[in-house]
file input-v8.cif (mmCIF, C-alpha atoms)
data_run
#
loop_
_atom_site.group_PDB
_atom_site.id
_atom_site.type_symbol
_atom_site.label_atom_id
_atom_site.label_comp_id
_atom_site.auth_asym_id
_atom_site.auth_seq_id
_atom_site.Cartn_x
_atom_site.Cartn_y
_atom_site.Cartn_z
ATOM 1 C CA MET A 1 104.460 35.944 -192.114
ATOM 2 C CA VAL A 2 104.713 39.726 -191.823
ATOM 3 C CA HIS A 3 101.300 40.029 -193.476
ATOM 4 C CA ALA A 4 99.840 37.564 -190.954
ATOM 5 C CA LEU A 5 101.219 39.668 -188.087
ATOM 6 C CA GLU A 6 99.731 42.784 -189.688
ATOM 7 C CA GLU A 7 96.355 41.065 -189.957
ATOM 8 C CA ILE A 8 96.491 39.925 -186.335
ATOM 9 C CA HIS A 9 97.219 43.531 -185.387
ATOM 10 C CA ARG A 10 94.021 44.563 -187.198
ATOM 11 C CA LEU A 11 91.957 41.877 -185.444
ATOM 12 C CA LEU A 12 93.162 42.773 -181.948
ATOM 13 C CA ARG A 13 91.439 45.290 -179.736
ATOM 14 C CA THR A 14 93.385 48.308 -178.481
ATOM 15 C CA GLN A 15 94.410 46.666 -175.213
ATOM 16 C CA GLY A 16 94.892 43.280 -176.893
ATOM 17 C CA ILE A 17 97.767 40.834 -176.636
ATOM 18 C CA LEU A 18 99.475 38.659 -179.211
ATOM 19 C CA LEU A 19 101.086 35.611 -177.678
ATOM 20 C CA ASP A 20 103.522 33.942 -180.046
ATOM 21 C CA ILE A 21 104.539 30.407 -179.038
ATOM 22 C CA HIS A 22 107.293 28.884 -181.107
ATOM 23 C CA PRO A 23 110.170 26.444 -180.698
ATOM 24 C CA VAL A 24 113.605 27.979 -180.307
ATOM 25 C CA PRO A 25 115.969 27.340 -183.238
ATOM 26 C CA GLU A 26 117.863 24.492 -181.635
ATOM 27 C CA PRO A 27 117.227 20.762 -181.953
ATOM 28 C CA PRO A 28 114.918 19.105 -179.453
ATOM 29 C CA VAL A 29 116.550 16.471 -177.262
ATOM 30 C CA VAL A 30 115.516 12.829 -176.993
ATOM 31 C CA GLN A 31 116.055 11.545 -173.477
ATOM 32 C CA ILE A 32 115.534 8.479 -171.353
ATOM 33 C CA ILE A 33 114.547 9.482 -167.855
ATOM 34 C CA ASP A 34 114.085 7.280 -164.804
ATOM 35 C CA GLY A 35 112.919 9.322 -161.845
ATOM 36 C CA ASP A 36 115.483 12.095 -161.453
ATOM 37 C CA ASP A 37 118.109 10.281 -163.517
ATOM 38 C CA VAL A 38 118.751 11.161 -167.153
ATOM 39 C CA LEU A 39 120.056 7.914 -168.658
ATOM 40 C CA PHE A 40 120.301 9.038 -172.263
ATOM 41 C CA SER A 41 120.254 12.397 -173.991
ATOM 42 C CA GLU A 42 120.903 13.222 -177.634
ATOM 43 C CA PRO A 43 119.682 15.982 -179.954
ATOM 44 C CA ASP A 44 117.118 14.952 -182.545
ATOM 45 C CA PRO A 45 118.921 14.786 -185.908
ATOM 46 C CA GLY A 46 115.547 14.807 -187.661
ATOM 47 C CA TYR A 47 114.995 18.408 -186.664
ATOM 48 C CA ASP A 48 114.729 20.500 -189.814
ATOM 49 C CA TYR A 49 112.830 23.665 -188.944
ATOM 50 C CA ASP A 50 115.771 26.081 -188.668
ATOM 51 C CA ASP A 51 114.979 28.079 -191.814
ATOM 52 C CA ASP A 52 111.288 28.362 -190.968
ATOM 53 C CA LEU A 53 112.132 29.540 -187.486
ATOM 54 C CA ARG A 54 114.599 32.109 -188.734
ATOM 55 C CA HIS A 55 111.961 33.457 -191.130
ATOM 56 C CA ALA A 56 109.421 33.596 -188.301
ATOM 57 C CA GLU A 57 111.829 35.429 -186.014
ATOM 58 C CA ALA A 58 112.724 37.804 -188.850
ATOM 59 C CA ALA A 59 109.021 38.525 -189.377
ATOM 60 C CA VAL A 60 108.570 39.339 -185.686
ATOM 61 C CA ALA A 61 111.680 41.541 -185.781
ATOM 62 C CA THR A 62 110.243 43.361 -188.805
ATOM 63 C CA VAL A 63 106.931 44.244 -187.152
ATOM 64 C CA LEU A 64 108.718 45.262 -183.962
ATOM 65 C CA GLY A 65 111.020 47.473 -186.031
ATOM 66 C CA ARG A 66 108.060 49.082 -187.761
ATOM 67 C CA GLY A 67 106.490 49.916 -184.423
ATOM 68 C CA LEU A 68 103.460 47.724 -185.063
ATOM 69 C CA TYR A 69 103.990 45.823 -181.791
ATOM 70 C CA ALA A 70 106.062 46.140 -178.651
ATOM 71 C CA LEU A 71 107.679 43.087 -177.074
ATOM 72 C CA ASP A 72 106.388 43.129 -173.510
ATOM 73 C CA GLY A 73 107.666 39.882 -172.051
ATOM 74 C CA SER A 74 109.114 36.533 -172.906
ATOM 75 C CA ARG A 75 109.443 33.087 -171.315
ATOM 76 C CA ASP A 76 111.378 30.017 -172.374
ATOM 77 C CA VAL A 77 109.965 26.664 -171.321
ATOM 78 C CA ASP A 78 110.883 23.012 -171.730
ATOM 79 C CA PHE A 79 107.976 21.355 -173.488
ATOM 80 C CA LEU A 80 108.145 17.644 -172.714
ATOM 81 C CA THR A 81 106.372 14.737 -174.366
ATOM 82 C CA HIS A 82 106.557 11.527 -172.311
ATOM 83 C CA ALA A 83 106.216 8.029 -173.785
ATOM 84 C CA ALA A 84 106.736 4.480 -172.599
ATOM 85 C CA SER A 85 108.882 3.609 -175.593
ATOM 86 C CA SER A 86 110.454 5.096 -178.679
ATOM 87 C CA LYS A 87 107.775 3.350 -180.745
ATOM 88 C CA GLU A 88 104.997 5.028 -178.800
ATOM 89 C CA LEU A 89 106.705 8.401 -179.180
ATOM 90 C CA ARG A 90 107.274 7.949 -182.901
ATOM 91 C CA ASP A 91 103.731 6.726 -183.486
ATOM 92 C CA HIS A 92 102.511 9.840 -181.721
ATOM 93 C CA PHE A 93 104.611 12.143 -183.883
ATOM 94 C CA ALA A 94 103.697 10.204 -187.032
ATOM 95 C CA SER A 95 100.045 10.716 -186.176
ATOM 96 C CA ALA A 96 100.558 14.416 -185.562
ATOM 97 C CA GLY A 97 102.729 14.761 -188.654
ATOM 98 C CA ALA A 98 100.092 13.049 -190.768
ATOM 99 C CA TYR A 99 98.267 16.376 -190.800
ATOM 100 C CA ASP A 100 101.221 17.941 -192.571
ATOM 101 C CA PRO A 101 101.932 16.444 -196.024
ATOM 102 C CA ALA A 102 105.357 18.110 -196.320
ATOM 103 C CA PRO A 103 107.981 15.446 -197.223
ATOM 104 C CA LYS A 104 110.826 14.741 -194.823
ATOM 105 C CA ASP A 105 114.490 14.849 -195.817
ATOM 106 C CA PRO A 106 115.492 11.148 -196.196
ATOM 107 C CA THR A 107 118.983 11.798 -194.812
ATOM 108 C CA LEU A 108 117.549 13.300 -191.630
ATOM 109 C CA VAL A 109 115.069 10.433 -191.364
ATOM 110 C CA ALA A 110 117.940 7.908 -191.617
ATOM 111 C CA HIS A 111 119.873 9.661 -188.837
ATOM 112 C CA GLN A 112 116.726 9.707 -186.746
ATOM 113 C CA GLU A 113 116.327 5.953 -187.257
ATOM 114 C CA GLU A 114 119.852 5.444 -185.922
ATOM 115 C CA LEU A 115 119.102 7.616 -182.907
ATOM 116 C CA TYR A 116 115.969 5.683 -182.022
ATOM 117 C CA GLY A 117 117.948 2.454 -182.403
ATOM 118 C CA ARG A 118 120.281 3.724 -179.682
ATOM 119 C CA VAL A 119 117.281 4.748 -177.579
ATOM 120 C CA ASP A 120 115.857 1.229 -177.859
ATOM 121 C CA GLU A 121 119.189 -0.315 -176.849
ATOM 122 C CA SER A 122 119.396 1.952 -173.835
ATOM 123 C CA MET A 123 115.763 1.344 -172.882
ATOM 124 C CA ALA A 124 116.395 -2.413 -173.009
ATOM 125 C CA ARG A 125 119.027 -1.954 -170.295
ATOM 126 C CA SER A 126 116.815 0.339 -168.189
ATOM 127 C CA SER A 127 114.262 -0.438 -165.515
ATOM 128 C CA ASP A 128 110.529 -0.632 -166.233
ATOM 129 C CA SER A 129 110.017 2.823 -164.764
ATOM 130 C CA ALA A 130 112.210 4.496 -167.392
ATOM 131 C CA GLU A 131 110.457 6.554 -170.034
ATOM 132 C CA VAL A 132 111.359 8.214 -173.308
ATOM 133 C CA VAL A 133 111.038 11.985 -173.199
ATOM 134 C CA TYR A 134 111.125 14.400 -176.125
ATOM 135 C CA ASN A 135 112.274 17.792 -174.890
ATOM 136 C CA GLU A 136 111.487 20.796 -177.067
ATOM 137 C CA ARG A 137 112.494 24.229 -175.869
ATOM 138 C CA ALA A 138 109.811 26.768 -176.676
ATOM 139 C CA ARG A 139 109.631 30.529 -176.370
ATOM 140 C CA LEU A 140 106.498 32.495 -175.560
ATOM 141 C CA ASN A 141 106.576 36.151 -176.573
ATOM 142 C CA ARG A 142 103.994 38.646 -175.373
ATOM 143 C CA LEU A 143 103.491 41.322 -178.023
ATOM 144 C CA LEU A 144 101.340 44.400 -177.533
ATOM 145 C CA PRO A 145 99.820 46.035 -180.599
ATOM 146 C CA LEU A 146 100.744 49.704 -180.914
ATOM 147 C CA ARG A 147 98.399 52.185 -182.603
ATOM 148 C CA MET B 148 101.340 4.247 -170.715
ATOM 149 C CA THR B 149 99.749 6.701 -173.011
ATOM 150 C CA ILE B 150 101.522 9.701 -174.379
ATOM 151 C CA ARG B 151 101.657 12.595 -171.937
ATOM 152 C CA THR B 152 102.205 16.006 -173.469
ATOM 153 C CA ASP B 153 103.595 18.673 -171.151
ATOM 154 C CA PRO B 154 102.215 17.033 -168.001
ATOM 155 C CA GLU B 155 104.362 19.531 -166.102
ATOM 156 C CA GLY B 156 102.134 22.305 -167.451
ATOM 157 C CA SER B 157 105.155 24.435 -168.376
ATOM 158 C CA GLU B 158 103.570 25.866 -171.506
ATOM 159 C CA THR B 159 100.247 26.593 -169.806
ATOM 160 C CA ASP B 160 101.905 28.210 -166.777
ATOM 161 C CA ALA B 161 103.872 30.537 -169.043
ATOM 162 C CA LEU B 162 100.751 31.260 -171.088
ATOM 163 C CA PHE B 163 98.793 32.288 -167.989
ATOM 164 C CA GLU B 164 101.734 34.333 -166.761
ATOM 165 C CA LEU B 165 101.944 36.324 -169.990
ATOM 166 C CA ALA B 166 98.290 36.711 -170.960
ATOM 167 C CA ASP B 167 95.208 37.347 -168.871
ATOM 168 C CA LEU B 168 92.592 35.145 -170.504
ATOM 169 C CA ASP B 169 89.834 35.741 -167.957
ATOM 170 C CA GLY B 170 86.723 36.721 -169.861
ATOM 171 C CA ALA B 171 88.711 37.231 -173.051
ATOM 172 C CA GLN B 172 87.700 36.726 -176.647
ATOM 173 C CA VAL B 173 90.568 34.529 -177.848
ATOM 174 C CA LEU B 174 91.730 33.741 -181.355
ATOM 175 C CA GLU B 175 93.991 30.684 -181.522
ATOM 176 C CA ILE B 176 95.830 30.324 -184.816
ATOM 177 C CA GLY B 177 97.022 26.815 -185.540
ATOM 178 C CA SER B 178 95.019 25.098 -182.848
ATOM 179 C CA GLY B 179 95.821 21.630 -184.193
ATOM 180 C CA ASP B 180 93.889 18.945 -182.372
ATOM 181 C CA GLY B 181 93.058 21.329 -179.538
ATOM 182 C CA ARG B 182 95.854 20.172 -177.254
ATOM 183 C CA LEU B 183 96.475 23.664 -175.879
ATOM 184 C CA THR B 184 92.932 24.967 -176.355
ATOM 185 C CA ARG B 185 91.435 22.596 -173.828
ATOM 186 C CA ARG B 186 93.898 23.756 -171.188
ATOM 187 C CA TYR B 187 92.831 27.398 -171.178
ATOM 188 C CA VAL B 188 89.295 27.457 -172.566
ATOM 189 C CA ASP B 189 87.643 27.531 -169.161
ATOM 190 C CA ARG B 190 89.209 30.925 -168.462
ATOM 191 C CA ALA B 191 88.128 32.538 -171.711
ATOM 192 C CA LYS B 192 84.799 34.049 -172.626
ATOM 193 C CA GLN B 193 84.972 32.557 -176.095
ATOM 194 C CA VAL B 194 87.612 30.939 -178.308
ATOM 195 C CA MET B 195 87.844 30.945 -182.081
ATOM 196 C CA ALA B 196 90.233 28.122 -182.959
ATOM 197 C CA ILE B 197 91.405 27.951 -186.560
ATOM 198 C CA GLU B 198 93.496 25.222 -188.129
ATOM 199 C CA PRO B 199 94.355 24.507 -191.774
ATOM 200 C CA PHE B 200 94.701 20.732 -191.408
ATOM 201 C CA LYS B 201 91.293 19.111 -191.641
ATOM 202 C CA ASP B 202 92.112 15.901 -189.773
ATOM 203 C CA ALA B 203 93.429 17.869 -186.817
ATOM 204 C CA ILE B 204 90.439 20.168 -186.513
ATOM 205 C CA GLU B 205 88.035 17.234 -186.869
ATOM 206 C CA LYS B 206 89.801 15.463 -184.026
ATOM 207 C CA ALA B 207 89.566 18.610 -181.916
ATOM 208 C CA GLU B 208 85.867 18.952 -182.675
ATOM 209 C CA ARG B 209 85.211 15.326 -181.738
ATOM 210 C CA GLU B 210 87.145 15.436 -178.499
ATOM 211 C CA ILE B 211 86.540 18.931 -177.186
ATOM 212 C CA ARG B 212 83.166 20.127 -178.340
ATOM 213 C CA ARG B 213 81.533 17.882 -175.784
ATOM 214 C CA GLU B 214 83.595 19.544 -173.077
ATOM 215 C CA SER B 215 82.951 23.130 -173.980
ATOM 216 C CA GLU B 216 80.479 25.229 -175.864
ATOM 217 C CA LEU B 217 82.902 28.115 -175.619
ATOM 218 C CA ILE B 218 84.982 27.078 -178.627
ATOM 219 C CA THR B 219 84.239 27.566 -182.294
ATOM 220 C CA PHE B 220 86.478 25.451 -184.498
ATOM 221 C CA ARG B 221 87.110 26.656 -188.009
ATOM 222 C CA HIS B 222 88.864 24.668 -190.726
ATOM 223 C CA ALA B 223 90.660 27.519 -192.467
ATOM 224 C CA THR B 224 93.986 29.076 -193.193
ATOM 225 C CA PHE B 225 94.599 32.238 -191.223
ATOM 226 C CA GLU B 226 94.548 34.282 -194.434
ATOM 227 C CA ASP B 227 91.071 32.995 -195.352
ATOM 228 C CA PHE B 228 89.777 33.508 -191.837
ATOM 229 C CA ALA B 229 91.211 37.012 -191.533
ATOM 230 C CA SER B 230 89.770 38.149 -194.866
ATOM 231 C CA GLY B 231 86.276 37.784 -193.430
ATOM 232 C CA ALA B 232 86.961 38.847 -189.854
ATOM 233 C CA SER B 233 86.055 42.224 -188.396
ATOM 234 C CA ASP B 234 88.587 44.704 -187.035
ATOM 235 C CA ALA B 235 89.252 44.737 -183.294
ATOM 236 C CA SER B 236 87.287 41.604 -182.502
ATOM 237 C CA PHE B 237 89.707 39.756 -180.187
ATOM 238 C CA ASP B 238 91.381 40.475 -176.860
ATOM 239 C CA VAL B 239 94.058 37.825 -177.211
ATOM 240 C CA ALA B 240 95.551 36.129 -180.262
ATOM 241 C CA ILE B 241 97.655 33.017 -179.747
ATOM 242 C CA LEU B 242 100.045 31.867 -182.434
ATOM 243 C CA SER B 243 100.223 28.279 -181.334
ATOM 244 C CA TRP B 244 103.519 26.991 -182.743
ATOM 245 C CA SER B 245 102.222 28.227 -186.085
ATOM 246 C CA LEU B 246 104.156 31.284 -187.248
ATOM 247 C CA CYS B 247 107.012 29.130 -188.532
#
call {"tool": "encode", "arguments": {"input": "input-v8.cif", "output": "structure tokens"}}
result
Amino acid sequence: MVHALEEIHRLLRTQGILLDIHPVPEPPVVQIIDGDDVLFSEPDPGYDYDDDLRHAEAAVATVLGRGLYALDGSRDVDFLTHAASSKELRDHFASAGAYDPAPKDPTLVAHQEELYGRVDESMARSSDSAEVVYNERARLNRLLPLR
Amino acid sequence: MTIRTDPEGSETDALFELADLDGAQVLEIGSGDGRLTRRYVDRAKQVMAIEPFKDAIEKAEREIRRESELITFRHATFEDFASGASDASFDVAILSWSLC
């Protein structure tokens, strides 16, 4: 990761900008939302990117420490994916995840199954206007290459 | 209902707040299926979008190339791309959920 940041530094022009978008190291939240009402909200137990994120943040800290870049701004945003049902949401993620052959931890998958069971039960009691929302908190860092 | 990804535009708003893309040569690393690319491409001068997963980049090429001639999609890891890329060739690099 540090090498990638070094290479990006080489590819950027003097007044260039590196914008690093990454999820924050906390589990996304699965919600049921109807208008302004949040009817259900639980963290995704299938979330398993903590180590990768820590390595990524350590890599950024390393290049900042070396004076390769300066951190020049940061924003946290809620990145929401809306679906009509848990099935639609899961099909969407399965499709996106199909690009990545990395195996999933079966224990986390089992806990995720239980969560989506609870989502389905709650959706069955909700009005037709309710939707399932996957809420991932993301951070955007603006890094300026230093020469 | 079809899936709606960030219909609030939170990610794009923050992107535009932090990086001036007007007329910029942009390198997007980990462009996936072009979900983010299509939201900013109209501001950029040119976008080089690289993605290691073939299915994702093929989907992006199918769905976005028709919309914009400004994007070049490249099926490559960043390491492979960078080994052949010239110094100081981009104004903005976007690590699109891809450093981790």
call {"tool": "closest_residue", "arguments": {"input": "input-v8.cif", "among": "A:Val29, A:Leu89, A:Ala84, A:Val60", "to": "Glu6 (chain A)", "atoms": "all atoms listed in the file"}}
result
A:Val60
call {"tool": "resolve_selection", "arguments": {"input": "input-v8.cif", "expression": "the PyMOL selection byres ((chain B) within 6 of (chain A))", "output": "PyMOL selection string"}}
result
chain B and resi 148+150-153+200+234-244+246-247
call {"tool": "closest_residue", "arguments": {"input": "input-v8.cif", "among": "B:Arg182, B:Gly231, B:Ser245, B:Asp160", "to": "Pro199 (chain B)", "atoms": "all atoms listed in the file"}}
result
B:Ser245
call {"tool": "atom_distance", "arguments": {"input": "input-v8.cif", "atom1": "CA of Glu121 (chain A)", "atom2": "CA of Ser86 (chain A)"}}
result
10.4 Å
call {"tool": "resolve_selection", "arguments": {"input": "input-v8.cif", "expression": "the PyMOL selection byres ((chain A and resi 126) around 12)", "output": "ChimeraX atom specification"}}
result
/A:32-35,37-40,84-85,119-125,127-132
call {"tool": "resolve_selection", "arguments": {"input": "input-v8.cif", "expression": "the PyMOL selection byres ((chain B and resi 208) around 10)", "output": "PyMOL selection string"}}
result
chain B and resi 180-181+202-207+209-214+218-221
call {"tool": "closest_residue", "arguments": {"input": "input-v8.cif", "among": "B:Leu162, B:Met195, B:His222, B:Asp189", "to": "Leu174 (chain B)", "atoms": "only C-alpha atoms"}}
result
B:Met195
call {"tool": "decode", "arguments": {"input": "input-v8.cif", "residues": "region 7-28 of chain A", "atoms": "C-alpha atoms", "output": "short mmCIF file (atom, residue, chain, number, x, y, z; two decimals), in the first residue's frame"}}
result
data_model
loop_
_atom_site.label_atom_id
_atom_site.label_comp_id
_atom_site.auth_asym_id
_atom_site.auth_seq_id
_atom_site.Cartn_x
_atom_site.Cartn_y
_atom_site.Cartn_z
CA GLU A 7 3.69 5.53 -7.24
CA ILE A 8 0.64 7.80 -7.18
CA HIS A 9 2.92 10.57 -5.92
CA ARG A 10 5.13 10.02 -8.98
CA LEU A 11 2.15 10.11 -11.37
CA LEU A 12 0.71 13.34 -9.96
CA ARG A 13 1.62 16.76 -11.26
CA THR A 14 3.12 19.31 -8.87
CA GLN A 15 -0.21 20.91 -8.01
CA GLY A 16 -2.01 17.55 -8.06
CA ILE A 17 -4.42 16.06 -5.55
CA LEU A 18 -4.84 12.54 -4.24
CA LEU A 19 -8.36 11.87 -3.04
CA ASP A 20 -8.57 8.74 -0.92
CA ILE A 21 -12.10 7.41 -0.40
CA HIS A 22 -12.40 4.58 2.06
CA PRO A 23 -14.90 3.21 4.57
CA VAL A 24 -14.24 4.06 8.20
CA PRO A 25 -13.28 1.07 10.38
CA GLU A 26 -16.71 0.54 11.88
CA PRO A 27 -19.46 -1.80 10.72
CA PRO A 28 -22.02 -0.49 8.26
#
